[in-house]
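Only one structure is covered here, and it is reproduced in the block below.
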Amino acid sequence: MKILLTGANGQLGTELQRLVPGDVQLLALSSQQLDITNAAQVQALMQQHQPAVVINAAAYTQVDKAESESERAWAVNQQGVANLVSATGANTRLLHISTDFVFDGRSQTPYATTATPNPLSVYGKSKWAGEQVLLAKAPQRSCIVRTAWLYSAGSKNFLNTMLQLLENRDSVRVVNDQRGTPTSAASLAEALWRVVQKPQVQGILHWTDAGETTWYGFACEIQRLGLKHGLLSKQVPIQPITTSEYPTPAQRPAYSVLEKEGTFAALGLRALSWQESLEKVIRQRADEQRNR
């Protein structure tokens, strides 16, 4: 099966390549090799390669920067999706990655795939707009997978930022009033490859690891496991703070846990707890560090 992956150099793109099944012929293109905002380039590449499936892992994901670079965020997250739809034929399946930021965070219970989005930020609004393009123009041949709080052993993300801060500072302050689910990029990649193997799956799915916590809870577990696996040399105090004590350009949902039972049933796959997934990634990072 020939599959084209956009956004190949991102943390999800990297894990998708690492975990690619043996029966897949994967053409992995970075944003430098394929700019999805360039309609002519997208058209030419799709005609040349004619993939059976396109996995769109390309996205503008800099949540705060999107507030001042809204034109770029919309170009990638909405127009880029429209370009992929236009450039692919009726037999090409589109698998698109979206986000918990399409929700406003006012819920007290996990968001179902049928919950009405109400994004608070430019990032969330542009990602929701991208979803709407697929639902309107390619509903029978697309699958949208929303995820949240993504991290991996490489790349710039909360895990690696926190490990750096915990190693280099005497104390760290972390927001404790935003709830969600940390999700390993490897866990999401495995779920996406399962979606590829099930052509009948369409519409919207939710995938994160299991359970929920706050950014503060996530940071505390990073420190515990970082010490356990030798990535950190000392324990430092982690102070819980409120969102109002750490203002950011983009407003974030206070609660963005995603309901996943329907996805688990559709894929025949269940997620590990976020703590188990985190330990796997930290162990991987520790092994890589030792082998350098």
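In the structure tokens, chains take the letters A, B, ... in the order shown, each chain's residues start at 1, and ligands count up from 1 in the order shown.
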Worksheet item: Excluding same-chain residues fewer than 5 positions from range 42-57 of chain A, what lies within 8 Å of it counting only C-alpha atoms, as a PyMOL selection string?
Response: chain A and resi 1-8+10+12-13+34-36+83-84+86-88+91-97+196
May I have the selected residues written with N, CA and C atoms, as a compact mmCIF listing (two decimals), in the first residue's frame?
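Heads up, here's the output in result.txt:
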# COMPACT_ATOMS: atom_id res chain seq x y z
N MET A 1 0.84 -1.19 0.00
CA MET A 1 0.00 0.00 0.00
C MET A 1 0.88 1.25 0.00
N LYS A 2 0.62 2.16 -0.93
CA LYS A 2 1.42 3.38 -1.01
C LYS A 2 0.76 4.48 -0.17
N ILE A 3 1.52 5.01 0.77
CA ILE A 3 1.00 6.04 1.67
C ILE A 3 1.91 7.25 1.65
N LEU A 4 1.32 8.43 1.56
CA LEU A 4 2.08 9.68 1.60
C LEU A 4 1.85 10.35 2.95
N LEU A 5 2.94 10.68 3.61
CA LEU A 5 2.90 11.34 4.92
C LEU A 5 3.40 12.77 4.78
N THR A 6 2.58 13.73 5.21
CA THR A 6 3.02 15.12 5.27
C THR A 6 3.53 15.42 6.68
N GLY A 7 4.32 16.47 6.81
CA GLY A 7 4.84 16.83 8.14
C GLY A 7 5.75 15.77 8.73
N ALA A 8 6.57 15.17 7.87
CA ALA A 8 7.36 14.00 8.27
C ALA A 8 8.40 14.30 9.35
N GLY A 10 8.06 16.31 11.98
CA GLY A 10 7.50 16.60 13.30
C GLY A 10 7.59 15.40 14.22
N LEU A 12 5.24 13.57 15.58
CA LEU A 12 4.35 12.49 15.16
C LEU A 12 4.87 11.85 13.87
N GLY A 13 5.27 12.67 12.90
CA GLY A 13 5.81 12.15 11.65
C GLY A 13 6.99 11.23 11.87
N LEU A 34 7.27 19.23 0.93
CA LEU A 34 5.89 19.45 0.50
C LEU A 34 5.24 20.49 1.41
N ASP A 35 5.03 21.67 0.85
CA ASP A 35 4.35 22.75 1.56
C ASP A 35 2.87 22.64 1.20
N ILE A 36 2.06 22.17 2.14
CA ILE A 36 0.65 21.91 1.82
C ILE A 36 -0.14 23.19 1.53
N ASN A 83 -6.35 22.04 0.13
CA ASN A 83 -5.48 21.69 -1.00
C ASN A 83 -5.33 20.18 -1.15
N LEU A 84 -5.19 19.49 -0.01
CA LEU A 84 -5.07 18.02 -0.05
C LEU A 84 -6.35 17.39 -0.58
N SER A 86 -8.57 18.76 -2.62
CA SER A 86 -8.71 19.09 -4.05
C SER A 86 -7.76 18.28 -4.93
N ALA A 87 -6.58 17.96 -4.37
CA ALA A 87 -5.54 17.31 -5.18
C ALA A 87 -5.65 15.79 -5.21
N THR A 88 -6.54 15.24 -4.38
CA THR A 88 -6.65 13.78 -4.31
C THR A 88 -7.99 13.35 -4.88
N ASN A 91 -10.69 7.94 -4.70
CA ASN A 91 -10.18 6.68 -4.13
C ASN A 91 -9.05 6.88 -3.13
N THR A 92 -8.67 8.12 -2.91
CA THR A 92 -7.59 8.38 -1.95
C THR A 92 -8.18 8.72 -0.58
N ARG A 93 -7.75 7.97 0.41
CA ARG A 93 -8.24 8.20 1.78
C ARG A 93 -7.38 9.25 2.46
N LEU A 94 -8.03 10.13 3.21
CA LEU A 94 -7.33 11.20 3.93
C LEU A 94 -7.44 10.95 5.43
N LEU A 95 -6.30 10.87 6.06
CA LEU A 95 -6.24 10.68 7.51
C LEU A 95 -5.61 11.93 8.10
N HIS A 96 -6.38 12.65 8.92
CA HIS A 96 -6.00 14.00 9.36
C HIS A 96 -5.92 14.06 10.89
N ILE A 97 -4.88 14.72 11.38
CA ILE A 97 -4.68 14.83 12.83
C ILE A 97 -5.22 16.17 13.32
N VAL A 196 -5.25 3.09 9.40
CA VAL A 196 -4.89 2.81 7.99
C VAL A 196 -5.33 1.40 7.60
Which residues are near Arg169 in chain A? Cut-off 10 Å, only C-alpha atoms, ignore same chain within fewer than 5 positions. Put them as a CSV table (one decimal) with N, CA and C atoms, in the first residue's frame.
chain,number,residue,atom,x,y,z
A,164,GLN,N,14.7,19.6,31.1
A,164,GLN,CA,15.8,20.7,31.0
A,164,GLN,C,15.6,21.6,32.2
A,236,VAL,N,13.9,18.7,42.6
A,236,VAL,CA,13.7,20.1,43.0
A,236,VAL,C,12.2,20.3,43.2
A,237,PRO,N,11.9,21.4,44.0
A,237,PRO,CA,10.4,21.6,44.3
A,237,PRO,C,9.7,22.0,43.0
Practice prompt. For each of A:Gln284, A:Gln235, A:Asn77, A:Gln33, take the minimum atom-to-atom distance to Cys220 in chain A, counting only C-alpha atoms, then give the residue where this is smallest.
Written response: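 Among A:Gln284, A:Gln235, A:Asn77, A:Gln33, it is A:Gln235 that comes nearest to Cys220 in chain A.
Among the candidates A:Tyr255, A:Tyr111, A:Tyr216, A:Phe158, the one nearest to Val172 in chain A when counting only C-alpha atoms is A:Tyr216.
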Worksheet item: Near Val175 in chain A, counting only C-alpha atoms, which residues have an atom at most 10 Å away, once you skip same-chain residues fewer than 2 positions from it, shown as a ChimeraX atom specification?
Response: /A:173,177-179,214-217,219,239-246
